[in-house]
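Participant: For reference, this is data.cif, and it has mmCIF, C-alpha atoms and all ligand atoms.
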data_input
#
loop_
_atom_site.label_atom_id
_atom_site.label_comp_id
_atom_site.auth_asym_id
_atom_site.auth_seq_id
_atom_site.Cartn_x
_atom_site.Cartn_y
_atom_site.Cartn_z
CA GLN A 936 15.94 7.98 -18.87
CA TYR A 937 13.33 7.80 -16.13
CA LYS A 938 13.22 7.98 -12.35
CA ALA A 939 10.67 7.08 -9.72
CA ILE A 940 9.57 8.45 -6.38
CA ILE A 941 7.81 6.29 -3.84
CA LEU A 942 5.89 8.27 -1.22
CA VAL A 943 6.05 6.38 2.06
CA GLY A 944 4.69 8.95 4.55
CA GLY A 945 5.83 8.59 8.14
CA PRO A 946 5.22 6.91 11.48
CA SER A 947 2.28 9.01 12.65
CA ARG A 948 0.11 8.14 9.70
CA ALA A 949 -0.02 4.39 10.18
CA THR A 950 -2.46 4.34 13.11
CA ARG A 951 -5.04 2.39 11.16
CA PHE A 952 -2.39 -0.22 10.50
CA ARG A 953 -2.06 -1.04 14.19
CA PRO A 954 -1.23 -3.34 15.86
CA LEU A 955 1.05 -4.45 13.01
CA SER A 956 2.69 -1.02 12.55
CA LEU A 957 3.77 -1.11 16.21
CA ASN A 958 6.57 -3.44 15.13
CA VAL A 959 7.32 -2.58 11.53
CA PRO A 960 6.62 0.56 9.47
CA LYS A 961 3.85 -0.12 6.99
CA PRO A 962 6.06 0.19 3.86
CA LEU A 963 8.12 -2.74 5.15
CA PHE A 964 5.24 -4.98 6.19
CA PRO A 965 5.47 -8.26 4.22
CA VAL A 966 2.71 -9.23 1.82
CA ALA A 967 3.18 -12.25 -0.45
CA GLY A 968 6.52 -12.82 1.29
CA ALA A 969 8.06 -9.43 0.46
CA PRO A 970 7.87 -5.94 2.00
CA LEU A 971 5.06 -3.83 0.53
CA VAL A 972 7.53 -1.46 -1.13
CA SER A 973 9.37 -4.36 -2.80
CA HIS A 974 6.38 -4.94 -5.06
CA HIS A 975 6.74 -1.35 -6.32
CA LEU A 976 10.48 -1.88 -6.89
CA ALA A 977 9.83 -5.16 -8.73
CA ALA A 978 7.50 -3.32 -11.14
CA LEU A 979 9.93 -0.40 -11.54
CA SER A 980 12.79 -2.77 -12.30
CA LYS A 981 10.87 -3.89 -15.39
CA VAL A 982 10.85 -0.38 -16.91
CA LYS A 983 13.66 -0.08 -19.41
CA GLY A 984 15.72 3.08 -18.87
CA LEU A 985 14.58 3.54 -15.28
CA THR A 986 17.69 3.70 -13.13
CA GLU A 987 16.91 5.54 -9.92
CA VAL A 988 14.26 5.21 -7.23
CA LEU A 989 13.89 7.80 -4.48
CA ILE A 990 11.92 6.68 -1.45
CA VAL A 991 10.55 9.87 0.12
CA GLY A 992 9.08 10.07 3.60
CA PHE A 993 9.47 11.36 7.12
CA PHE A 994 10.56 8.16 8.86
CA GLU A 995 14.01 8.22 10.47
CA ASP A 996 16.82 7.35 8.04
CA ALA A 997 17.79 4.21 10.00
CA ILE A 998 14.38 2.61 9.29
CA PHE A 999 15.18 2.05 5.61
CA GLU A 1000 18.96 1.57 5.79
CA GLN A 1001 19.05 -2.23 5.98
CA TYR A 1002 16.13 -2.64 3.64
CA ILE A 1003 17.77 -0.52 0.92
CA GLU A 1004 20.96 -2.56 1.19
CA HIS A 1005 18.94 -5.74 0.73
CA ALA A 1006 16.78 -4.30 -2.09
CA SER A 1007 19.83 -3.01 -3.95
CA ASN A 1008 21.07 -6.60 -4.18
CA GLU A 1009 17.69 -7.88 -5.27
CA PHE A 1010 17.23 -5.16 -7.93
CA PRO A 1011 20.79 -4.48 -9.10
CA ASN A 1012 19.59 -2.34 -12.02
CA LEU A 1013 18.06 0.22 -9.62
CA ASN A 1014 19.91 2.84 -7.61
CA ILE A 1015 17.69 3.16 -4.51
CA LYS A 1016 17.91 6.04 -2.03
CA TYR A 1017 15.88 7.21 0.94
CA LEU A 1018 15.25 10.96 1.19
CA ARG A 1019 13.88 12.20 4.48
CA GLU A 1020 11.52 15.15 4.80
CA TYR A 1021 12.28 17.20 7.93
CA GLN A 1022 8.50 17.21 8.55
CA ALA A 1023 5.44 15.97 6.65
CA LEU A 1024 5.52 18.13 3.53
CA GLY A 1025 2.42 16.67 1.86
CA THR A 1026 2.16 14.48 -1.21
CA ALA A 1027 3.63 17.15 -3.53
CA GLY A 1028 5.73 19.04 -0.95
CA GLY A 1029 8.43 16.37 -0.72
CA ILE A 1030 8.65 16.06 -4.48
CA TYR A 1031 9.23 19.80 -4.78
CA HIS A 1032 11.66 19.90 -1.84
CA PHE A 1033 13.85 17.23 -3.48
CA ARG A 1034 13.48 18.56 -7.04
CA ASP A 1035 17.24 19.03 -7.56
CA GLU A 1036 17.82 15.38 -6.70
CA ILE A 1037 14.98 14.35 -9.03
CA ILE A 1038 16.16 16.35 -12.06
CA ARG A 1039 19.81 15.41 -11.55
CA GLY A 1040 20.99 13.34 -14.54
CA ASN A 1041 18.35 15.00 -16.71
CA PRO A 1042 15.48 12.47 -16.72
CA GLN A 1043 12.56 13.42 -18.96
CA GLN A 1044 9.82 11.73 -16.94
CA PHE A 1045 9.41 10.39 -13.44
CA PHE A 1046 6.88 8.09 -11.77
CA VAL A 1047 5.30 8.90 -8.42
CA MET A 1048 3.80 5.98 -6.51
CA HIS A 1049 1.98 5.83 -3.18
CA VAL A 1050 3.39 3.03 -1.06
CA ASP A 1051 0.02 2.06 0.40
CA VAL A 1052 -1.44 0.60 -2.79
CA ALA A 1053 -1.14 -2.89 -4.24
CA CYS A 1054 -1.50 -3.13 -7.98
CA THR A 1055 -0.28 -4.82 -11.15
CA PHE A 1056 1.54 -1.50 -11.79
CA PRO A 1057 1.21 -1.27 -15.60
CA LEU A 1058 4.08 1.22 -15.79
CA ASN A 1059 5.22 0.42 -19.33
CA GLU A 1060 1.64 0.82 -20.56
CA MET A 1061 1.42 4.19 -18.79
CA LEU A 1062 4.65 5.29 -20.49
CA ALA A 1063 3.34 4.27 -23.90
CA ALA A 1064 0.08 6.19 -23.32
CA HIS A 1065 1.99 9.21 -22.02
CA MET A 1066 4.19 9.41 -25.12
CA LYS A 1067 1.08 9.51 -27.32
CA HIS A 1068 -0.90 12.32 -25.74
CA ARG A 1069 2.05 14.38 -24.46
CA GLY A 1070 0.29 15.91 -21.46
CA LEU A 1071 2.27 16.79 -18.34
CA CYS A 1072 0.88 13.94 -16.30
CA THR A 1073 -0.66 10.51 -16.83
CA MET A 1074 -2.43 9.15 -13.80
CA LEU A 1075 -3.39 5.55 -13.25
CA SER A 1076 -7.08 4.98 -12.66
CA THR A 1077 -9.40 2.10 -11.98
CA LYS A 1078 -13.14 1.62 -11.87
CA ILE A 1079 -14.58 1.00 -8.43
CA VAL A 1080 -17.99 0.26 -6.93
CA ARG A 1081 -20.05 3.42 -6.88
CA GLU A 1082 -20.67 3.39 -3.10
CA GLN A 1083 -16.93 3.46 -2.35
CA ALA A 1084 -15.87 6.09 -4.89
CA ASN A 1085 -15.98 9.12 -2.58
CA LYS A 1086 -13.20 7.68 -0.42
CA TYR A 1087 -10.77 8.39 -3.28
CA GLY A 1088 -9.81 11.03 -5.82
CA CYS A 1089 -12.49 10.86 -8.56
CA LEU A 1090 -12.14 11.83 -12.18
CA VAL A 1091 -14.15 12.25 -15.33
CA GLN A 1092 -12.32 11.56 -18.58
CA ASP A 1093 -12.94 12.17 -22.25
CA PRO A 1094 -13.18 8.53 -23.39
CA GLU A 1095 -11.80 9.40 -26.86
CA THR A 1096 -8.64 11.23 -25.77
CA ASN A 1097 -8.29 10.06 -22.11
CA GLN A 1098 -7.92 13.67 -21.10
CA VAL A 1099 -9.12 14.34 -17.56
CA LEU A 1100 -11.99 16.80 -17.75
CA HIS A 1101 -12.69 17.01 -14.06
CA TYR A 1102 -10.83 15.86 -10.95
CA VAL A 1103 -12.10 16.09 -7.37
CA GLU A 1104 -10.32 14.70 -4.32
CA LYS A 1105 -12.74 12.69 -2.13
CA PRO A 1106 -15.90 14.42 -3.37
CA GLU A 1107 -18.92 14.70 -1.10
CA THR A 1108 -21.35 13.64 -3.78
CA PHE A 1109 -20.90 11.07 -6.52
CA ILE A 1110 -19.13 12.33 -9.62
CA SER A 1111 -17.58 9.23 -11.17
CA ASP A 1112 -16.64 5.63 -10.47
CA LEU A 1113 -13.18 6.21 -11.98
CA ILE A 1114 -10.69 6.85 -9.18
CA SER A 1115 -7.04 7.75 -8.85
CA CYS A 1116 -4.85 4.76 -7.95
CA GLY A 1117 -2.02 6.84 -6.46
CA VAL A 1118 0.37 6.13 -9.37
CA TYR A 1119 1.44 8.93 -11.71
CA LEU A 1120 3.86 9.64 -14.51
CA PHE A 1121 5.06 13.26 -14.78
CA ASP A 1122 7.14 15.23 -17.25
CA VAL A 1123 9.89 17.14 -15.43
CA ALA A 1124 8.28 20.33 -16.76
CA VAL A 1125 5.67 19.80 -14.04
CA PHE A 1126 8.01 21.52 -11.57
CA THR A 1127 6.99 24.88 -13.09
CA GLU A 1128 3.36 23.97 -12.39
CA ILE A 1129 4.20 22.94 -8.83
CA LYS A 1130 5.93 26.30 -8.32
CA ASN A 1131 2.77 28.04 -9.57
CA ALA A 1132 0.68 25.90 -7.20
CA ILE A 1133 2.91 26.96 -4.28
CA ASP A 1134 2.57 30.64 -5.22
CA ASN A 1135 -1.21 30.29 -5.50
CA LYS A 1136 -1.41 28.59 -2.16
CA LYS A 1137 0.73 31.28 -0.53
CA GLU A 1138 -1.58 33.95 -1.92
CA GLN A 1139 -4.65 32.13 -0.68
CA ASP A 1140 -3.13 31.55 2.74
CA ALA A 1141 -2.20 35.22 3.00
CA LEU A 1142 -5.76 36.23 2.10
CA MET A 1143 -7.17 33.84 4.68
CA ILE A 1144 -4.93 35.13 7.44
CA GLN A 1145 -5.94 38.71 6.61
CA ASP A 1146 -9.57 37.67 6.90
CA SER A 1147 -10.43 38.35 10.54
CA PHE A 1148 -13.21 35.73 10.53
CA SER A 1149 -10.95 32.82 9.78
CA THR A 1150 -8.95 32.87 12.98
CA PHE A 1151 -7.92 29.24 12.52
CA ALA A 1152 -6.53 29.73 9.06
CA SER A 1153 -2.81 29.19 8.80
CA ALA A 1154 -0.43 27.68 6.32
CA ASP A 1155 0.25 24.04 7.29
CA GLY A 1156 3.45 23.93 5.26
CA LYS A 1157 2.09 21.05 3.20
CA LEU A 1158 1.50 20.88 -0.51
CA SER A 1159 -1.04 18.34 -1.73
CA LEU A 1160 -0.53 16.73 -5.08
CA GLU A 1161 -4.24 15.97 -5.28
CA ARG A 1162 -5.70 19.27 -4.12
CA ASP A 1163 -3.07 21.82 -5.16
CA LEU A 1164 -1.69 20.31 -8.36
CA LEU A 1165 -4.00 17.82 -10.12
CA ARG A 1166 -6.94 20.21 -10.17
CA PRO A 1167 -5.09 23.05 -11.94
CA LEU A 1168 -3.46 20.49 -14.26
CA SER A 1169 -6.86 19.18 -15.31
CA GLN A 1170 -8.20 22.70 -15.72
CA SER A 1171 -5.34 23.54 -18.07
CA LYS A 1172 -5.92 20.27 -20.02
CA LYS A 1173 -2.52 18.81 -19.15
CA LEU A 1174 -3.79 15.81 -17.18
CA TYR A 1175 -4.46 12.42 -18.78
CA VAL A 1176 -5.50 9.06 -17.49
CA TYR A 1177 -4.61 5.43 -18.11
CA VAL A 1178 -7.37 3.12 -16.89
CA THR A 1179 -6.22 -0.30 -15.72
CA ASP A 1180 -8.33 -3.43 -15.54
CA GLY A 1181 -5.70 -5.25 -13.47
CA PHE A 1182 -6.23 -5.53 -9.72
CA TRP A 1183 -5.84 -2.51 -7.48
CA LYS A 1184 -6.14 -2.34 -3.70
CA GLN A 1185 -5.49 0.29 -1.10
CA ILE A 1186 -3.71 -0.78 2.07
CA LYS A 1187 -4.77 1.41 4.97
CA THR A 1188 -5.84 -1.00 7.68
CA ALA A 1189 -4.02 -4.07 8.94
CA GLY A 1190 -6.89 -6.18 7.61
CA SER A 1191 -6.42 -4.94 4.04
CA ALA A 1192 -2.99 -6.63 4.02
CA ILE A 1193 -4.85 -9.94 3.61
CA SER A 1194 -6.50 -8.99 0.33
CA ALA A 1195 -3.27 -7.43 -0.99
CA ASN A 1196 -1.44 -10.63 -0.04
CA ALA A 1197 -3.96 -12.70 -1.98
CA ALA A 1198 -3.84 -10.45 -5.04
CA TYR A 1199 -0.02 -10.43 -5.26
CA LEU A 1200 0.17 -14.20 -4.73
CA GLN A 1201 -2.35 -14.78 -7.50
CA LEU A 1202 -0.47 -12.41 -9.78
CA GLN A 1203 2.73 -14.37 -9.13
CA GLN A 1204 0.87 -17.58 -9.82
CA SER A 1205 -0.38 -16.24 -13.17
CA GLU A 1206 3.23 -15.28 -13.98
CA LYS A 1207 4.28 -18.85 -13.04
CA SER A 1208 6.73 -17.47 -10.48
CA SER A 1209 9.20 -19.95 -9.04
CA ARG A 1210 8.87 -18.28 -5.60
CA LEU A 1211 5.58 -20.04 -4.95
CA ALA A 1212 5.21 -23.39 -3.16
CA THR A 1213 4.34 -26.50 -5.14
CA ASN A 1214 3.01 -29.92 -4.14
CA LYS A 1215 5.87 -32.32 -3.45
CA LEU A 1216 5.80 -35.94 -2.29
CA ASP A 1217 7.55 -35.07 0.98
CA GLY A 1218 5.78 -31.75 1.53
CA PRO A 1219 2.45 -30.42 2.82
CA GLU A 1220 -0.65 -30.25 0.62
CA ILE A 1221 -0.59 -26.91 -1.22
CA ILE A 1222 -3.79 -25.40 -2.58
CA GLY A 1223 -3.65 -22.40 -4.95
CA ALA A 1224 -1.12 -19.60 -4.52
CA VAL A 1225 1.09 -20.04 -1.45
CA TYR A 1226 4.46 -18.57 -0.44
CA ILE A 1227 6.57 -20.45 2.11
CA HIS A 1228 9.91 -19.01 3.22
CA PRO A 1229 12.70 -21.58 2.70
CA SER A 1230 13.52 -21.58 6.44
CA ALA A 1231 9.95 -22.44 7.53
CA GLN A 1232 9.12 -26.01 8.61
CA VAL A 1233 5.68 -27.17 7.58
CA ASP A 1234 4.53 -30.68 8.54
CA THR A 1235 3.75 -32.94 5.58
CA THR A 1236 0.23 -33.56 6.92
CA ALA A 1237 -0.63 -29.81 6.96
CA LYS A 1238 -2.90 -28.32 4.32
CA ILE A 1239 -1.94 -24.79 3.20
CA GLY A 1240 -3.71 -22.38 0.88
CA PRO A 1241 -5.01 -20.69 -1.06
CA ASN A 1242 -3.56 -17.20 -0.53
CA VAL A 1243 -1.17 -17.91 2.32
CA SER A 1244 2.25 -16.40 3.07
CA ILE A 1245 4.45 -18.12 5.62
CA GLY A 1246 7.44 -16.18 6.94
CA PRO A 1247 10.97 -17.14 8.02
CA ARG A 1248 11.47 -19.83 10.73
CA VAL A 1249 7.75 -20.53 11.14
CA VAL A 1250 6.95 -24.03 12.47
CA ILE A 1251 3.64 -25.61 11.50
CA GLY A 1252 2.52 -28.85 13.17
CA LYS A 1253 0.64 -31.96 12.09
CA GLY A 1254 -2.78 -31.64 10.51
CA VAL A 1255 -2.78 -27.83 10.60
CA ARG A 1256 -5.02 -25.97 8.14
CA VAL A 1257 -4.08 -22.44 6.98
CA LYS A 1258 -6.09 -20.45 4.47
CA ASP A 1259 -6.14 -16.75 3.33
CA SER A 1260 -3.62 -15.68 5.97
CA ILE A 1261 -0.24 -14.12 6.63
CA ILE A 1262 1.94 -15.95 9.16
CA LEU A 1263 4.83 -13.71 10.22
CA ASP A 1264 8.37 -14.68 11.29
CA ASN A 1265 9.00 -17.25 14.06
CA VAL A 1266 5.37 -18.22 14.63
CA THR A 1267 4.64 -21.74 15.85
CA ILE A 1268 1.31 -23.43 15.24
CA GLY A 1269 0.46 -26.57 17.24
CA HIS A 1270 -1.07 -29.70 15.69
CA ALA A 1271 -4.62 -29.78 14.30
CA SER A 1272 -5.10 -26.00 14.59
CA CYS A 1273 -6.82 -23.93 11.97
CA ILE A 1274 -5.98 -20.38 10.81
CA ILE A 1275 -8.34 -18.64 8.38
CA HIS A 1276 -8.47 -14.98 7.22
CA SER A 1277 -5.96 -13.89 9.84
CA VAL A 1278 -2.61 -12.20 10.30
CA ILE A 1279 -0.49 -13.94 12.95
CA GLY A 1280 2.13 -11.57 14.38
CA TRP A 1281 5.86 -12.21 14.85
CA ASN A 1282 6.89 -14.85 17.44
CA SER A 1283 3.28 -15.73 18.29
CA LYS A 1284 2.45 -19.21 19.56
CA ILE A 1285 -0.76 -20.96 18.66
CA GLY A 1286 -1.48 -24.10 20.70
CA ALA A 1287 -2.93 -27.40 19.48
CA TRP A 1288 -6.56 -27.81 18.38
CA ALA A 1289 -6.98 -23.99 18.38
CA ARG A 1290 -8.89 -21.95 15.85
CA VAL A 1291 -7.99 -18.38 14.79
CA GLU A 1292 -10.48 -17.13 12.31
CA GLY A 1293 -11.64 -14.01 10.50
CA THR A 1294 -14.31 -13.55 7.87
CA ALA A 1295 -13.88 -12.89 4.17
CA VAL A 1296 -15.08 -9.47 3.09
CA ASN A 1297 -15.87 -7.67 -0.11
CA ASP A 1298 -13.14 -5.70 -1.77
CA HIS A 1299 -12.56 -2.19 -0.41
CA ASN A 1300 -14.55 -2.92 2.73
CA GLU A 1301 -12.94 -4.85 5.44
CA GLU A 1302 -15.37 -3.82 8.12
CA MET A 1303 -18.55 -5.86 8.32
CA MET A 1304 -21.87 -4.88 9.78
CA LYS A 1305 -23.55 -7.30 12.17
CA ASN A 1306 -26.94 -6.24 13.59
CA GLY A 1307 -26.14 -2.65 12.60
CA VAL A 1308 -22.79 -2.64 14.45
CA LYS A 1309 -19.36 -2.50 12.80
CA VAL A 1310 -17.30 -5.58 13.55
CA GLN A 1311 -13.75 -6.54 12.73
CA SER A 1312 -13.64 -9.06 9.90
CA ILE A 1313 -9.99 -10.14 9.66
CA THR A 1314 -8.45 -11.47 12.87
CA ILE A 1315 -5.10 -9.90 13.68
CA LEU A 1316 -2.72 -11.08 16.38
CA GLY A 1317 0.05 -8.60 17.23
CA LYS A 1318 3.63 -9.59 18.04
CA GLU A 1319 4.24 -12.36 20.62
CA VAL A 1320 0.65 -13.30 21.30
CA SER A 1321 -0.01 -16.76 22.64
CA VAL A 1322 -3.22 -18.66 22.06
CA LEU A 1323 -3.65 -21.67 24.32
CA ASP A 1324 -4.77 -25.14 23.19
CA GLU A 1325 -8.38 -25.58 22.10
CA THR A 1326 -9.30 -21.87 22.20
CA ILE A 1327 -11.23 -20.11 19.44
CA ILE A 1328 -10.38 -16.53 18.49
CA ARG A 1329 -12.83 -15.15 15.96
CA ASN A 1330 -12.97 -11.64 14.38
CA CYS A 1331 -10.61 -10.10 16.94
CA ILE A 1332 -7.71 -7.66 17.05
CA VAL A 1333 -5.21 -8.71 19.67
CA LEU A 1334 -2.50 -6.31 20.84
CA PRO A 1335 1.09 -7.54 21.27
CA HIS A 1336 2.19 -9.80 24.16
CA LYS A 1337 -1.29 -11.01 25.13
CA GLU A 1338 -1.87 -14.52 26.38
CA LEU A 1339 -5.32 -15.79 25.43
CA LYS A 1340 -6.45 -18.59 27.71
CA SER A 1341 -10.09 -18.70 26.67
CA SER A 1342 -12.13 -18.09 23.53
CA TYR A 1343 -13.10 -14.63 22.26
CA HIS A 1344 -15.06 -13.24 19.37
CA SER A 1345 -15.59 -9.75 17.88
CA GLN A 1346 -13.37 -7.96 20.37
CA ILE A 1347 -10.30 -5.77 20.54
CA LEU A 1348 -8.09 -7.37 23.16
CA MET A 1349 -5.73 -4.81 24.71
N1 LIG B 1 6.65 11.63 1.76
C1 LIG B 1 5.41 11.87 2.13
N2 LIG B 1 5.14 13.03 2.79
N3 LIG B 1 4.46 10.96 1.84
C2 LIG B 1 3.19 11.24 2.21
C3 LIG B 1 2.84 12.42 2.91
C4 LIG B 1 3.88 13.37 3.21
O1 LIG B 1 3.68 14.41 3.82
N4 LIG B 1 1.51 12.40 3.13
C5 LIG B 1 1.05 11.24 2.60
N5 LIG B 1 2.07 10.53 2.06
C6 LIG B 1 1.99 9.24 1.35
C7 LIG B 1 1.31 8.15 2.14
O2 LIG B 1 2.24 7.35 2.81
C8 LIG B 1 0.61 7.36 1.04
O3 LIG B 1 1.48 6.41 0.46
C9 LIG B 1 0.27 8.42 -0.01
O4 LIG B 1 1.18 9.48 0.23
C10 LIG B 1 -1.17 8.95 0.01
O5 LIG B 1 -1.59 9.08 1.31
P1 LIG B 1 -2.76 10.04 1.84
O6 LIG B 1 -2.31 11.45 1.81
O7 LIG B 1 -3.16 9.44 3.14
O8 LIG B 1 -3.95 9.98 0.81
P2 LIG B 1 -5.08 8.85 0.60
O9 LIG B 1 -4.40 7.53 0.56
O10 LIG B 1 -6.20 9.02 1.55
O11 LIG B 1 -5.62 9.19 -0.85
C11 LIG B 1 -4.72 9.27 -1.92
O12 LIG B 1 -4.54 7.99 -2.50
C12 LIG B 1 -5.72 7.42 -3.11
C13 LIG B 1 -5.32 6.09 -3.71
O13 LIG B 1 -4.90 5.21 -2.72
C14 LIG B 1 -5.28 10.26 -2.94
O14 LIG B 1 -4.28 10.48 -3.91
C15 LIG B 1 -6.52 9.73 -3.61
O15 LIG B 1 -6.89 10.59 -4.67
C16 LIG B 1 -6.28 8.34 -4.19
O16 LIG B 1 -7.49 7.84 -4.73
#
Let me see the structure of the file written as structure tokens.
Facilitator:
Amino acid sequence: QYKAIILVGGPSRATRFRPLSLNVPKPLFPVAGAPLVSHHLAALSKVKGLTEVLIVGFFEDAIFEQYIEHASNEFPNLNIKYLREYQALGTAGGIYHFRDEIIRGNPQQFFVMHVDVACTFPLNEMLAAHMKHRGLCTMLSTKIVREQANKYGCLVQDPETNQVLHYVEKPETFISDLISCGVYLFDVAVFTEIKNAIDNKKEQDALMIQDSFSTFASADGKLSLERDLLRPLSQSKKLYVYVTDGFWKQIKTAGSAISANAAYLQLQQSEKSSRLATNKLDGPEIIGAVYIHPSAQVDTTAKIGPNVSIGPRVVIGKGVRVKDSIILDNVTIGHASCIIHSVIGWNSKIGAWARVEGTAVNDHNEEMMKNGVKVQSITILGKEVSVLDETIIRNCIVLPHKELKSSYHSQILM
């Protein structure tokens, strides 16, 4: 029997996800027509013998109440609970704090997943690998472009045994292009190692406080899975890796939701999912992977896709073109308008003959450089923004409730 923990963090950490996180906590933001965390649950529901999922974070309880009710219907084989940390305890602190809840029912292994990653989640493959080497932890890893590697936890493995020889969290210099994906499988015996890590940290903190030079040193009450646990685990040869060649994306900024949306839609297309829109005689032209909520009204002369998600009650007019975008609930788009590489926030109104456009970017880099200056690539309209007829909004972030009467480009509109 297995369990899973999904680390969702809390409200203060989603600043880079603004303006979208002003209206919905990041774990519940919809990509490919479902809240981010639902994609984790969908993957977990395919693991035989996995019965319980604990969502751990420091959001208020009420935030997840309705969602859990809904998810419990969608994934009836999973018992889903939200456990609230009284403060941010760190990526391993919450796991340790709720250890009694985790070991209840006597599971042998448990998954830990970061909520802010999008991935094919090869959980069954990780389990199979774990049962072979019998280390205490199997972490999921992927290969990434060399220049981006130091933004993540980096590891060096023994290619024969997949044992992790060296692990460094966000190293200053290049050590490897293999990075941690934020998905782990642990044996329950790891709690002894976490206890040791806590004792070590206490000792170190005590030493630092005694040291008169380090006046700023104090225990922050947090325990980091990456810094305090994975390192000692790799040093004691108990850490293994499973390298995936499926897609993997981190979702930190609002703009990165667009590439996660595309990846999940394409995954669903490759699985021939019935959720996706198809070309029908009395429907709009659909190109590639597209999700349209059943309550949305899309004119038959519109052209939608690839990589588009259209939310509940959206109304799309004649001759509209939408590509590589997320259109959130209750948006209306007037005739002959064009939306490309953008997120259109809840209840927004786009006039006729308007253009809202972002620019495609390379993976893992949604900021572009233009003449040596960083510019926003994806255009994001917050909640209840209105864009008047015939205006062009290009590479902008627009805060909620703005009315845009003229054209703008490369700006943050407050
Ligand atoms: N419950 C809880 N409590 N969750 C937390 C806390 C906490 O105190 N702190 C962070 N999280 C959650 C976040 O919501 C996120 O899902 C995940 O833990 C990791 O967040 P960060 O601590 O911001 O780390 P990171 O994303 O910069 O880097 C981590 O993930 C990378 C992969 O995306 C590291 O594990 C890297 O090594 C890894 O490559």
Participant: Check the smallest atom-to-atom distance from each of A:Gln1022, A:Asn1059, A:Asn1008, A:Gln1139 to Gly944 in chain A using all atoms listed in the file, then report the winner.
Facilitator: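 Among the listed residues, A:Gln1022 lies closest to Gly944 in chain A.
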Participant: What do you get as a PyMOL selection string if you pick all residues at most 8 Å from ligand LIG 1 (chain B), counting all atoms listed in the file?
Facilitator: chain A and resi 941-945+948+990-993+1019-1020+1022-1030+1048-1052+1086-1089+1104-1105+1114-1117+1157+1159-1161+1184-1187
Participant: Give as a ChimeraX atom specification the set of residues within 7 Å of the point (13.7, -2.3, -0.1), where distances use the file's coordinates and all atoms listed in the file.
Facilitator: /A:972-973,1002-1003,1005-1006
Participant: So which one's closest to Thr1294 in chain A, A:Ser1230, A:Gly1190, A:Val1320, A:Thr1326? Using only C-alpha atoms, please.
Facilitator: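 Closest residue, counting only C-alpha atoms: A:Gly1190.
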Participant: Could you list, as a PyMOL selection string, every residue within 7 Å of Ile1328 in chain A, counting all atoms listed in the file and ignoring same-chain residues fewer than 2 positions away?
Facilitator: chain A and resi 1290-1292+1326+1330-1331+1342-1344
Participant: Fewer than 6 positions away in the same chain doesn't count, so skip those; otherwise give me all residues within 10 Å of Asn958 in chain A, counting all atoms listed in the file, as a list in words.
Facilitator: Phe964, Gly1280, Trp1281, Gly1317, Lys1318 and Pro1335 of chain A
Participant: Box time for range 1010-1015 of chain A: axis-aligned, enclosing all its listed atoms, 4 Å extra on each side; report centre and edge lengths in Å to one decimal, as lines of an AutoDock Vina configuration file.
Facilitator:
center_x = 19.0
center_y = -1.0
center_z = -8.3
size_x = 11.6
size_y = 16.3
size_z = 15.5
Participant: My list of candidates is A:Leu963, A:Ala969, A:Val1047, A:Val1176. Which is closest to Gln1001 in chain A when distances are computed with all atoms listed in the file?
Facilitator: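 The answer is A:Leu963, which sits nearest to Gln1001 in chain A.
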Participant: I'd like the neighbourhood of Thr1267 in chain A as a tab-separated table (two decimals) with C-alpha atoms, in the coordinates of the input, where a residue qualifies if any of its atoms comes within 6 Å (using all atoms listed in the file), though same-chain residues fewer than 6 positions away should be ignored.
Facilitator:
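What ended up in part.tsv:
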chain	number	residue	atom	x	y	z
A	1249	VAL	CA	7.75	-20.53	11.14
A	1250	VAL	CA	6.95	-24.03	12.47
A	1251	ILE	CA	3.64	-25.61	11.50
A	1284	LYS	CA	2.45	-19.21	19.56
Participant: Give me, please, the distance in Å between CA of Gly1286 in chain A and CA of Ile1332 in chain A, quoted to one decimal.
Facilitator: 18.0 Å
Participant: So, with all atoms listed in the file as the atoms that count, which of A:Leu971, A:Val1103, A:Ile1129, A:Leu985 lies closest to Gly1040 in chain A?
Facilitator: A:Leu985
Participant: Pick out the closest residue to Val1118 in chain A from this set: A:Pro1042, A:Pro1057, A:Pro1094, A:Gly1070. Count all atoms listed in the file.
Facilitator: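 For Val1118 in chain A, the nearest of the candidates is A:Pro1057.
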Participant: Restricting the calculation to all atoms listed in the file: of A:Tyr1226, A:Tyr1175, A:Phe1033, A:Phe1056, which residue gets closest to Val966 in chain A?
Facilitator: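 Looking only at the distances to Val966 in chain A, the closest residue turns out to be A:Tyr1226.
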